[in-house]
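File shown here: final21.cif, holding mmCIF, C-alpha atoms.
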data_coords
#
loop_
_atom_site.label_atom_id
_atom_site.label_comp_id
_atom_site.auth_asym_id
_atom_site.auth_seq_id
_atom_site.Cartn_x
_atom_site.Cartn_y
_atom_site.Cartn_z
CA MET A 1 15.10 -1.33 -19.39
CA GLY A 2 15.91 -3.65 -16.47
CA SER A 3 13.19 -6.23 -15.89
CA LEU A 4 11.09 -7.20 -18.87
CA LEU A 5 7.94 -7.01 -16.75
CA PRO A 6 6.24 -3.84 -15.46
CA LYS A 7 7.41 -3.08 -11.92
CA ALA A 8 4.08 -3.86 -10.24
CA LEU A 9 3.87 -7.20 -12.02
CA GLN A 10 7.50 -8.09 -11.31
CA SER A 11 7.09 -7.45 -7.60
CA LEU A 12 4.01 -9.67 -7.50
CA VAL A 13 5.93 -12.38 -9.38
CA ASP A 14 8.70 -12.15 -6.78
CA GLU A 15 6.20 -12.54 -3.92
CA LEU A 16 4.38 -15.45 -5.57
CA ALA A 17 7.65 -17.23 -6.32
CA GLY A 18 8.00 -17.60 -2.54
CA LEU A 19 5.05 -20.02 -2.40
CA PRO A 20 5.99 -23.70 -1.98
CA GLY A 21 6.82 -25.37 -5.29
CA VAL A 22 6.27 -22.20 -7.33
CA GLY A 23 9.09 -21.23 -9.69
CA PRO A 24 9.44 -17.94 -11.56
CA ARG A 25 7.56 -19.17 -14.64
CA THR A 26 4.58 -20.38 -12.64
CA ALA A 27 4.65 -17.14 -10.64
CA GLU A 28 4.54 -15.19 -13.92
CA ARG A 29 1.51 -17.19 -15.06
CA TYR A 30 -0.29 -16.60 -11.75
CA ALA A 31 0.52 -12.88 -11.77
CA TYR A 32 -0.61 -12.43 -15.35
CA PHE A 33 -3.79 -14.38 -14.61
CA ILE A 34 -4.53 -12.06 -11.71
CA PHE A 35 -3.86 -9.05 -13.96
CA LYS A 36 -6.30 -10.45 -16.54
CA SER A 37 -8.96 -10.97 -13.85
CA ARG A 38 -11.37 -8.18 -13.09
CA PRO A 39 -9.96 -5.70 -10.53
CA ASP A 40 -12.63 -6.68 -7.97
CA VAL A 41 -11.59 -10.34 -8.21
CA ALA A 42 -7.98 -9.35 -7.54
CA ARG A 43 -9.17 -7.11 -4.71
CA ARG A 44 -11.06 -10.03 -3.14
CA LEU A 45 -7.95 -12.23 -3.29
CA ALA A 46 -5.87 -9.43 -1.80
CA ASP A 47 -8.38 -9.00 1.02
CA SER A 48 -8.46 -12.74 1.75
CA ILE A 49 -4.68 -12.75 2.11
CA GLY A 50 -4.58 -9.51 4.07
CA THR A 51 -7.15 -10.62 6.62
CA LEU A 52 -5.93 -14.22 6.94
CA HIS A 53 -3.87 -13.72 10.07
CA ASP A 54 -6.73 -11.92 11.81
CA GLY A 55 -9.22 -14.67 11.00
CA VAL A 56 -7.23 -17.80 11.78
CA LYS A 57 -5.32 -19.01 14.81
CA LEU A 58 -4.06 -22.25 16.30
CA CYS A 59 -6.20 -24.16 18.79
CA PRO A 60 -4.41 -23.98 22.18
CA LYS A 61 -5.21 -27.67 22.84
CA THR A 62 -4.75 -29.47 19.53
CA PHE A 63 -2.84 -26.77 17.58
CA ALA A 64 -5.17 -27.39 14.65
CA LEU A 65 -6.31 -24.33 12.68
CA ILE A 66 -9.41 -22.61 14.06
CA ASP A 67 -11.40 -19.42 13.59
CA SER A 68 -10.01 -16.54 15.66
CA HIS A 69 -13.22 -16.22 17.63
CA GLN A 70 -13.20 -19.89 18.70
CA ALA A 71 -11.69 -20.86 22.04
CA VAL A 72 -10.76 -24.38 21.10
CA SER A 73 -11.06 -26.66 18.04
CA GLU A 74 -14.40 -28.41 17.54
CA LEU A 75 -12.32 -31.50 16.91
CA TYR A 76 -11.59 -31.31 20.61
CA SER A 77 -14.70 -29.71 22.12
CA ASP A 78 -17.17 -31.95 20.23
CA SER A 79 -18.56 -34.43 22.78
CA ASN A 80 -18.67 -37.14 20.09
CA ARG A 81 -14.91 -37.11 19.84
CA ASP A 82 -12.97 -39.45 22.08
CA LYS A 83 -10.44 -37.29 23.93
CA LYS A 84 -8.64 -40.39 25.15
CA VAL A 85 -7.37 -41.18 21.65
CA ILE A 86 -4.98 -38.74 20.01
CA ALA A 87 -3.61 -38.80 16.48
CA VAL A 88 -0.26 -37.00 16.48
CA VAL A 89 0.42 -35.27 13.16
CA GLU A 90 3.04 -32.93 11.73
CA ASP A 91 0.95 -30.15 10.22
CA PRO A 92 -2.58 -28.78 10.53
CA LEU A 93 -3.36 -29.89 6.96
CA ASP A 94 -2.71 -33.49 8.02
CA VAL A 95 -5.71 -33.13 10.33
CA ILE A 96 -7.88 -32.22 7.33
CA ALA A 97 -6.55 -35.23 5.39
CA ILE A 98 -7.41 -37.66 8.20
CA GLU A 99 -10.81 -36.04 8.81
CA LYS A 100 -11.68 -36.47 5.13
CA ALA A 101 -11.18 -40.23 5.50
CA LYS A 102 -14.06 -40.16 8.05
CA GLN A 103 -12.55 -43.10 9.95
CA PHE A 104 -11.26 -41.44 13.07
CA SER A 105 -13.33 -40.28 16.02
CA GLY A 106 -10.53 -39.40 18.42
CA THR A 107 -8.87 -36.02 18.55
CA TYR A 108 -5.57 -34.56 17.33
CA HIS A 109 -2.29 -33.08 18.35
CA VAL A 110 -0.33 -31.08 15.78
CA LEU A 111 3.41 -31.15 16.46
CA GLY A 112 4.07 -28.23 14.14
CA GLY A 113 6.78 -29.93 12.10
CA VAL A 114 9.31 -32.76 12.29
CA ILE A 115 12.77 -33.09 13.71
CA SER A 116 15.06 -32.11 10.86
CA PRO A 117 18.64 -31.10 11.69
CA ILE A 118 19.21 -29.99 8.07
CA ASP A 119 16.41 -27.43 8.40
CA GLY A 120 17.55 -26.53 11.91
CA VAL A 121 14.45 -27.98 13.55
CA GLY A 122 15.12 -29.72 16.86
CA PRO A 123 12.63 -31.49 19.13
CA GLU A 124 12.40 -28.42 21.39
CA GLN A 125 10.67 -26.54 18.54
CA LEU A 126 7.90 -29.13 18.35
CA ARG A 127 4.90 -29.23 20.68
CA ILE A 128 5.98 -32.39 22.47
CA ASN A 129 5.68 -31.06 26.04
CA GLU A 130 2.15 -29.91 25.24
CA LEU A 131 1.38 -33.45 24.11
CA LEU A 132 2.79 -34.99 27.30
CA ARG A 133 0.67 -32.57 29.36
CA ARG A 134 -2.48 -33.51 27.41
CA ILE A 135 -1.83 -37.23 27.84
CA GLU A 136 -1.73 -36.67 31.59
CA GLU A 137 -4.59 -34.16 31.88
CA ASP A 138 -7.03 -36.04 29.63
CA ASP A 139 -5.94 -39.50 30.80
CA VAL A 140 -5.18 -40.44 27.18
CA GLN A 141 -5.29 -44.18 26.50
CA GLU A 142 -4.06 -44.33 22.91
CA ILE A 143 -1.58 -42.36 20.84
CA ILE A 144 -1.52 -42.90 17.08
CA LEU A 145 1.72 -41.58 15.65
CA ALA A 146 0.54 -40.27 12.26
CA THR A 147 3.65 -38.50 11.02
CA ASN A 148 4.66 -38.85 7.37
CA ALA A 149 6.47 -41.93 6.09
CA SER A 150 9.70 -39.97 5.67
CA VAL A 151 12.99 -40.35 7.54
CA GLU A 152 12.15 -37.19 9.52
CA GLY A 153 8.63 -38.44 10.22
CA GLU A 154 9.94 -41.77 11.53
CA THR A 155 12.62 -40.08 13.63
CA THR A 156 10.08 -37.72 15.13
CA SER A 157 7.66 -40.54 15.95
CA LEU A 158 10.42 -42.49 17.61
CA TYR A 159 11.43 -39.45 19.65
CA VAL A 160 7.85 -38.73 20.75
CA GLN A 161 7.44 -42.38 21.77
CA GLN A 162 10.64 -42.24 23.84
CA GLN A 163 9.54 -39.03 25.55
CA ILE A 164 6.17 -40.52 26.47
CA ASN A 165 7.86 -43.56 28.00
CA GLU A 166 10.51 -41.48 29.71
CA VAL A 167 8.03 -39.44 31.73
CA GLY A 168 6.33 -42.67 32.79
CA LEU A 169 3.11 -42.29 30.80
CA THR A 170 1.66 -45.53 29.47
CA PRO A 171 -0.86 -45.01 26.69
CA THR A 172 -0.99 -47.61 23.91
CA ILE A 173 1.23 -46.21 21.16
CA SER A 174 0.66 -47.17 17.52
CA ARG A 175 1.97 -46.05 14.17
CA LEU A 176 -0.04 -45.73 10.91
CA ALA A 177 0.24 -48.89 8.80
CA ARG A 178 2.74 -48.87 5.95
CA GLY A 179 1.96 -50.79 2.79
CA LEU A 180 0.79 -50.57 -0.79
CA PRO A 181 -1.46 -47.56 -1.41
CA VAL A 182 -4.73 -48.26 -3.23
CA GLY A 183 -4.45 -47.88 -6.97
CA VAL A 184 -0.69 -48.30 -7.22
CA ASP A 185 0.57 -51.26 -9.20
CA LEU A 186 2.96 -53.48 -7.32
CA GLU A 187 5.54 -53.16 -10.07
CA TYR A 188 5.67 -49.39 -9.58
CA ALA A 189 5.95 -49.46 -5.78
CA ASP A 190 9.33 -48.47 -4.34
CA HIS A 191 11.27 -51.14 -2.48
CA ILE A 192 10.82 -49.60 0.99
CA THR A 193 7.03 -49.59 0.54
CA LEU A 194 7.21 -53.21 -0.64
CA LYS A 195 9.36 -54.11 2.37
CA HIS A 196 6.71 -52.56 4.67
CA ALA A 197 3.92 -54.33 2.77
CA LEU A 198 5.66 -57.68 3.22
CA GLU A 199 6.49 -57.13 6.88
CA GLY A 200 2.94 -56.07 7.63
CA ARG A 201 1.27 -58.87 5.66
CA LYS A 202 -1.98 -60.22 7.08
CA THR A 203 -2.97 -63.86 7.36
CA LEU A 204 -6.32 -64.46 5.64
CA MET B 1 -19.05 -27.93 11.69
CA GLY B 2 -19.30 -27.41 7.91
CA SER B 3 -15.89 -26.88 6.31
CA LEU B 4 -12.93 -28.44 8.05
CA LEU B 5 -10.91 -25.27 7.58
CA PRO B 6 -11.38 -21.97 9.44
CA LYS B 7 -13.59 -19.63 7.42
CA ALA B 8 -10.85 -17.13 6.57
CA LEU B 9 -8.56 -19.90 5.39
CA GLN B 10 -11.29 -21.63 3.40
CA SER B 11 -12.19 -18.46 1.53
CA LEU B 12 -8.53 -17.91 0.64
CA VAL B 13 -8.31 -21.53 -0.55
CA ASP B 14 -11.36 -20.92 -2.75
CA GLU B 15 -9.79 -17.80 -4.28
CA LEU B 16 -6.42 -19.47 -4.85
CA ALA B 17 -8.07 -22.50 -6.46
CA GLY B 18 -9.10 -20.12 -9.25
CA LEU B 19 -5.47 -19.70 -10.36
CA PRO B 20 -4.52 -21.63 -13.52
CA GLY B 21 -3.55 -25.23 -12.78
CA VAL B 22 -4.19 -24.92 -9.04
CA GLY B 23 -6.44 -27.58 -7.50
CA PRO B 24 -7.92 -27.53 -4.00
CA ARG B 25 -4.98 -29.38 -2.42
CA THR B 26 -2.38 -27.03 -3.87
CA ALA B 27 -4.56 -24.07 -2.87
CA GLU B 28 -4.64 -25.45 0.69
CA ARG B 29 -0.85 -25.71 0.73
CA TYR B 30 -0.46 -22.14 -0.54
CA ALA B 31 -2.98 -20.78 1.95
CA TYR B 32 -1.40 -22.58 4.88
CA PHE B 33 2.04 -21.39 3.76
CA ILE B 34 0.77 -17.79 3.73
CA PHE B 35 -0.73 -18.31 7.19
CA LYS B 36 2.62 -19.62 8.45
CA SER B 37 4.43 -16.60 6.99
CA ARG B 38 4.85 -13.50 9.10
CA PRO B 39 1.80 -11.18 8.87
CA ASP B 40 3.87 -8.47 7.16
CA VAL B 41 4.92 -10.91 4.42
CA ALA B 42 1.25 -11.77 3.84
CA ARG B 43 0.43 -8.06 3.89
CA ARG B 44 3.07 -7.37 1.22
CA LEU B 45 1.64 -10.09 -1.01
CA ALA B 46 -1.87 -8.72 -0.47
CA ASP B 47 -0.69 -5.22 -1.39
CA SER B 48 1.07 -6.44 -4.53
CA ILE B 49 -2.14 -8.09 -5.69
CA GLY B 50 -4.33 -5.16 -4.65
CA THR B 51 -2.26 -2.56 -6.50
CA LEU B 52 -1.54 -4.67 -9.59
CA HIS B 53 -4.28 -3.20 -11.76
CA ASP B 54 -3.23 0.33 -10.92
CA GLY B 55 0.41 -0.29 -11.76
CA VAL B 56 0.14 -2.24 -15.01
CA LYS B 57 -1.57 -1.59 -18.32
CA LEU B 58 -1.35 -2.71 -21.92
CA CYS B 59 0.77 -0.78 -24.41
CA PRO B 60 -1.63 0.84 -26.91
CA LYS B 61 0.70 -0.07 -29.81
CA THR B 62 2.03 -3.54 -29.05
CA PHE B 63 -0.41 -4.59 -26.30
CA ALA B 64 2.54 -5.83 -24.26
CA LEU B 65 2.42 -5.19 -20.50
CA ILE B 66 3.80 -1.81 -19.42
CA ASP B 67 3.97 0.38 -16.33
CA SER B 68 0.87 2.53 -15.96
CA HIS B 69 2.88 5.74 -16.24
CA GLN B 70 4.43 4.72 -19.56
CA ALA B 71 2.86 5.89 -22.82
CA VAL B 72 4.10 3.04 -24.96
CA SER B 73 6.23 -0.08 -24.53
CA GLU B 74 10.00 0.39 -24.67
CA LEU B 75 9.99 -2.60 -26.97
CA TYR B 76 8.36 -0.21 -29.43
CA SER B 77 9.77 3.19 -28.53
CA ASP B 78 13.40 2.00 -28.31
CA SER B 79 15.17 3.32 -31.42
CA ASN B 80 17.27 0.15 -31.59
CA ARG B 81 14.18 -1.93 -32.33
CA ASP B 82 13.19 -2.42 -35.93
CA LYS B 83 9.57 -1.32 -36.19
CA LYS B 84 9.33 -2.86 -39.66
CA VAL B 85 9.54 -6.38 -38.22
CA ILE B 86 6.72 -7.56 -35.95
CA ALA B 87 6.49 -10.83 -34.04
CA VAL B 88 2.81 -11.63 -33.55
CA VAL B 89 2.21 -13.52 -30.28
CA GLU B 90 -0.79 -14.74 -28.29
CA ASP B 91 -0.07 -13.41 -24.82
CA PRO B 92 2.10 -10.76 -23.18
CA LEU B 93 4.18 -13.47 -21.47
CA ASP B 94 5.18 -14.77 -24.92
CA VAL B 95 6.91 -11.41 -25.44
CA ILE B 96 8.99 -12.06 -22.31
CA ALA B 97 9.87 -15.57 -23.51
CA ILE B 98 11.11 -14.30 -26.89
CA GLU B 99 12.97 -11.37 -25.32
CA LYS B 100 14.82 -13.77 -23.02
CA ALA B 101 16.17 -15.58 -26.09
CA LYS B 102 17.90 -12.26 -27.03
CA GLN B 103 17.66 -13.09 -30.73
CA PHE B 104 15.00 -10.68 -31.90
CA SER B 105 15.42 -6.97 -32.49
CA GLY B 106 12.06 -6.25 -34.09
CA THR B 107 8.96 -5.35 -32.13
CA TYR B 108 5.81 -7.16 -31.06
CA HIS B 109 2.07 -7.37 -31.45
CA VAL B 110 0.09 -9.24 -28.80
CA LEU B 111 -3.16 -10.67 -30.18
CA GLY B 112 -4.61 -11.25 -26.73
CA GLY B 113 -5.50 -14.90 -27.26
CA VAL B 114 -6.23 -17.38 -30.01
CA ILE B 115 -9.30 -18.28 -32.02
CA SER B 116 -10.98 -21.01 -29.97
CA PRO B 117 -14.66 -21.73 -30.64
CA ILE B 118 -14.78 -24.06 -27.61
CA ASP B 119 -13.84 -21.18 -25.33
CA GLY B 120 -16.10 -18.81 -27.24
CA VAL B 121 -13.18 -16.78 -28.63
CA GLY B 122 -13.71 -15.57 -32.18
CA PRO B 123 -11.31 -13.57 -34.37
CA GLU B 124 -13.20 -10.34 -33.60
CA GLN B 125 -11.99 -10.61 -29.97
CA LEU B 126 -8.35 -10.59 -31.04
CA ARG B 127 -6.38 -7.47 -31.93
CA ILE B 128 -6.14 -8.25 -35.62
CA ASN B 129 -7.43 -4.91 -36.93
CA GLU B 130 -4.90 -3.16 -34.73
CA LEU B 131 -2.20 -5.29 -36.36
CA LEU B 132 -3.39 -4.45 -39.87
CA ARG B 133 -3.34 -0.76 -38.98
CA ARG B 134 0.21 -1.02 -37.63
CA ILE B 135 1.43 -2.83 -40.75
CA GLU B 136 0.16 0.06 -42.82
CA GLU B 137 1.20 2.92 -40.52
CA ASP B 138 4.70 1.63 -39.81
CA ASP B 139 5.23 0.24 -43.31
CA VAL B 140 5.97 -3.18 -41.82
CA GLN B 141 8.08 -5.42 -44.05
CA GLU B 142 8.03 -8.67 -42.10
CA ILE B 143 5.50 -10.45 -39.92
CA ILE B 144 6.67 -13.43 -37.86
CA LEU B 145 3.66 -15.45 -36.74
CA ALA B 146 4.82 -16.65 -33.32
CA THR B 147 1.66 -18.25 -31.95
CA ASN B 148 1.89 -21.54 -30.08
CA ALA B 149 2.24 -24.86 -31.88
CA SER B 150 -1.33 -25.83 -30.95
CA VAL B 151 -4.34 -26.34 -33.21
CA GLU B 152 -5.69 -22.97 -32.05
CA GLY B 153 -2.33 -21.30 -32.56
CA GLU B 154 -2.07 -22.64 -36.12
CA THR B 155 -5.67 -21.65 -36.93
CA THR B 156 -5.10 -18.15 -35.61
CA SER B 157 -1.87 -17.73 -37.60
CA LEU B 158 -3.60 -18.87 -40.75
CA TYR B 159 -6.46 -16.45 -40.13
CA VAL B 160 -4.12 -13.51 -39.49
CA GLN B 161 -2.22 -14.34 -42.68
CA GLN B 162 -5.45 -14.39 -44.68
CA GLN B 163 -6.54 -11.06 -43.24
CA ILE B 164 -3.23 -9.45 -44.11
CA ASN B 165 -3.51 -10.66 -47.70
CA GLU B 166 -7.17 -9.77 -47.96
CA VAL B 167 -6.63 -6.08 -47.19
CA GLY B 168 -3.88 -6.01 -49.81
CA LEU B 169 -0.89 -5.66 -47.48
CA THR B 170 2.28 -7.47 -48.62
CA PRO B 171 4.78 -7.92 -45.80
CA THR B 172 6.88 -11.09 -45.84
CA ILE B 173 5.03 -13.49 -43.55
CA SER B 174 6.87 -16.26 -41.73
CA ARG B 175 6.06 -18.80 -39.04
CA LEU B 176 8.35 -19.97 -36.21
CA ALA B 177 10.19 -23.17 -37.18
CA ARG B 178 8.81 -26.45 -35.88
CA GLY B 179 11.16 -29.27 -35.00
CA LEU B 180 12.93 -31.13 -32.23
CA PRO B 181 13.48 -28.98 -29.16
CA VAL B 182 16.98 -28.97 -27.71
CA GLY B 183 17.50 -31.62 -25.06
CA VAL B 184 14.63 -33.89 -26.05
CA ASP B 185 15.55 -37.38 -27.18
CA LEU B 186 14.20 -38.31 -30.57
CA GLU B 187 12.58 -41.43 -29.13
CA TYR B 188 10.48 -39.30 -26.76
CA ALA B 189 9.31 -36.76 -29.37
CA ASP B 190 5.64 -36.96 -30.38
CA HIS B 191 4.89 -37.91 -33.97
CA ILE B 192 3.67 -34.46 -35.04
CA THR B 193 6.90 -32.88 -33.85
CA LEU B 194 8.85 -35.57 -35.72
CA LYS B 195 6.75 -34.92 -38.83
CA HIS B 196 7.61 -31.21 -38.61
CA ALA B 197 11.28 -32.03 -37.99
CA LEU B 198 11.39 -34.22 -41.09
CA GLU B 199 9.52 -31.75 -43.29
CA GLY B 200 11.74 -28.89 -42.19
CA ARG B 201 15.02 -30.82 -42.50
CA LYS B 202 18.01 -28.83 -43.68
CA THR B 203 20.54 -29.91 -46.28
CA LEU B 204 24.07 -29.73 -44.85
#

What does this structure look like when you write it as structure tokens?
Amino acid sequence: MGSLLPKALQSLVDELAGLPGVGPRTAERYAYFIFKSRPDVARRLADSIGTLHDGVKLCPKTFALIDSHQAVSELYSDSNRDKKVIAVVEDPLDVIAIEKAKQFSGTYHVLGGVISPIDGVGPEQLRINELLRRIEEDDVQEIILATNASVEGETTSLYVQQQINEVGLTPTISRLARGLPVGVDLEYADHITLKHALEGRKTL
Amino acid sequence: MGSLLPKALQSLVDELAGLPGVGPRTAERYAYFIFKSRPDVARRLADSIGTLHDGVKLCPKTFALIDSHQAVSELYSDSNRDKKVIAVVEDPLDVIAIEKAKQFSGTYHVLGGVISPIDGVGPEQLRINELLRRIEEDDVQEIILATNASVEGETTSLYVQQQINEVGLTPTISRLARGLPVGVDLEYADHITLKHALEGRKTL
């Protein structure tokens, strides 16, 4: 009898198992949940997925996610945002994370990934030239390198910094602080985080 | 600017956050992953979801999941399966789990849930009458109560057992063994599991 699941369900399980962090068991649970939902609920989900690419695009300035009918991200066009300060992030969702902190009034530049030879991603696949152009055009004064605290994130930040210097641009360049996250006990912190927390200690 | 995400993406995030165990952050990751996929990949996923209800139905005998064009589950119609032995399970996915163990040659009956007053599920919503009818029609000799090892699962098994006895049917009724799962260290087992493991100990 081949697969134990009906064909239509098995093919949905296979598609869902392609989502990040979703294994076959989780995909089965999702698929069965959708089957148990009313057909119009499933139809709405299907429509949302089917129309996603028509409704969303990347901002040509910041490369953040915007509505298809928008010309440029409101995070850039908003006159309250300081265009002379740019937070450089890996992915569009990092923009959302920083915005939620409500602490940043500059604008963004999404690199679209990190340098990762293992995954075959080199610097030429990232939007570094677009960043250099913006720094020049908008007379940017400060660049905050807000890549993740991973080896790839650090490498990418270093590379971006070198490129900025190489073309003779001179904005202030900073990196997000490393240290103990709120709510994590010192005894559970990994040693690299503790190293950063010690190095970055503040005199009171 | 309202939501930080483009409208089309936000509505997909909202739909995906309805999946079991998926919070808003995970839904965001899934939605962004789908956006990053090629449009035809997204389209295929959308189609799989949209056609799911047309392609899958419940077997009228076992209530397992079957292809829409099938009359009855092959787990029932297959002449190699012993119709006189029924494993009673909560959900169709439990059938898959037991089948994967390749240890059972009887057939199945899916109750469609468990008795759970908190969730407003009473015994009348489960397919207990259908089970009683099958026991009579197929002259079933053995019922294996294979509900989960939860309070609701135990309650439901007890209730099904009572109903079988009440209508005067006399199949052998058994319950799946409780004990230490393979690969779990004794020191990490919870005390109820240890209690079951002790009670069910086997003389060597």

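Reported to one decimal place, the separation of CA of Ile49 (chain A) from CA of Arg29 (chain A) is 18.8 Å.
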
Selection: 10 Å around Tyr32 (chain B), all atoms listed in the file, excl. self and same-chain fewer than 3 positions, as a ChimeraX atom specification | /A:52,65,91-93 /B:9,12-13,26-29,35-37

What is the CA of Leu111 (chain A)-CA of Val89 (chain A) distance in Å, reported with one decimal?
-> 6.1 Å

Spatial neighbours of Val56 (chain B), 6 Å, only C-alpha atoms, chain gap at least 6 places, as a list of chain:residue names = B:Ile66, B:Asp67, B:Ser68

Might you pull out every residue within 12 Å of Asp119 (chain A), with all atoms listed in the file counted and same-chain residues fewer than 6 positions away left off, and present them as a PyMOL selection string?
-> chain A and resi 113+125+152

With C-alpha atoms retained, export the selected residues as a short mmCIF file (atom, residue, chain, number, x, y, z; two decimals), in the coordinates of the input.
data_model
loop_
_atom_site.label_atom_id
_atom_site.label_comp_id
_atom_site.auth_asym_id
_atom_site.auth_seq_id
_atom_site.Cartn_x
_atom_site.Cartn_y
_atom_site.Cartn_z
CA GLY A 113 6.78 -29.93 12.10
CA GLN A 125 10.67 -26.54 18.54
CA GLU A 152 12.15 -37.19 9.52
#

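For the structure shown here, the set of residues caught by the PyMOL selection byres ((chain B and resi 87) around 9) is Val85, Ile86, Val88, Val89, Val95, Phe104, Gly106, Thr107, Tyr108, His109, Val110, Glu142, Ile143, Ile144, Leu145 and Ala146 of chain B.
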
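Between CA of Arg127 (chain B) and CA of Gly112 (chain B) the interatomic distance comes to 6.7 Å.
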
Using all atoms listed in the file, which residues sit within 12 Å of Arg201 (chain A) once same-chain residues fewer than 6 positions away are excluded, as a VMD selection string?
-> chain A and resid 177 to 180 194 to 195

Determine, counting only C-alpha atoms, which protein, DNA and RNA residues have an atom within 8 Å of an atom of region 158-167 of chain A; residues of the same chain fewer than 4 positions away are not included. Present the result as a ChimeraX atom specification.
-> /A:128,132,154,173

Preceding selection exported with C-alpha atoms as a CSV table (one decimal), keeping the file's coordinate frame:
chain,number,residue,atom,x,y,z
A,128,ILE,CA,6.0,-32.4,22.5
A,132,LEU,CA,2.8,-35.0,27.3
A,154,GLU,CA,9.9,-41.8,11.5
A,173,ILE,CA,1.2,-46.2,21.2

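If you measure from each of A:Thr156, A:Thr170, A:Ser116, A:Ser73 to chain B using only C-alpha atoms, the closest one turns out to be A:Ser73.
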
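Considering only C-alpha atoms, the residue among B:Thr203, B:Thr62, B:Ser174, B:Gln70 positioned nearest to chain A is B:Gln70.
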
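Between Ile34 (chain A) and the residues B:Ser48, B:Ser150, B:Ser105, B:Ser3, the shortest atom-to-atom distance, using all atoms listed in the file, involves B:Ser48.
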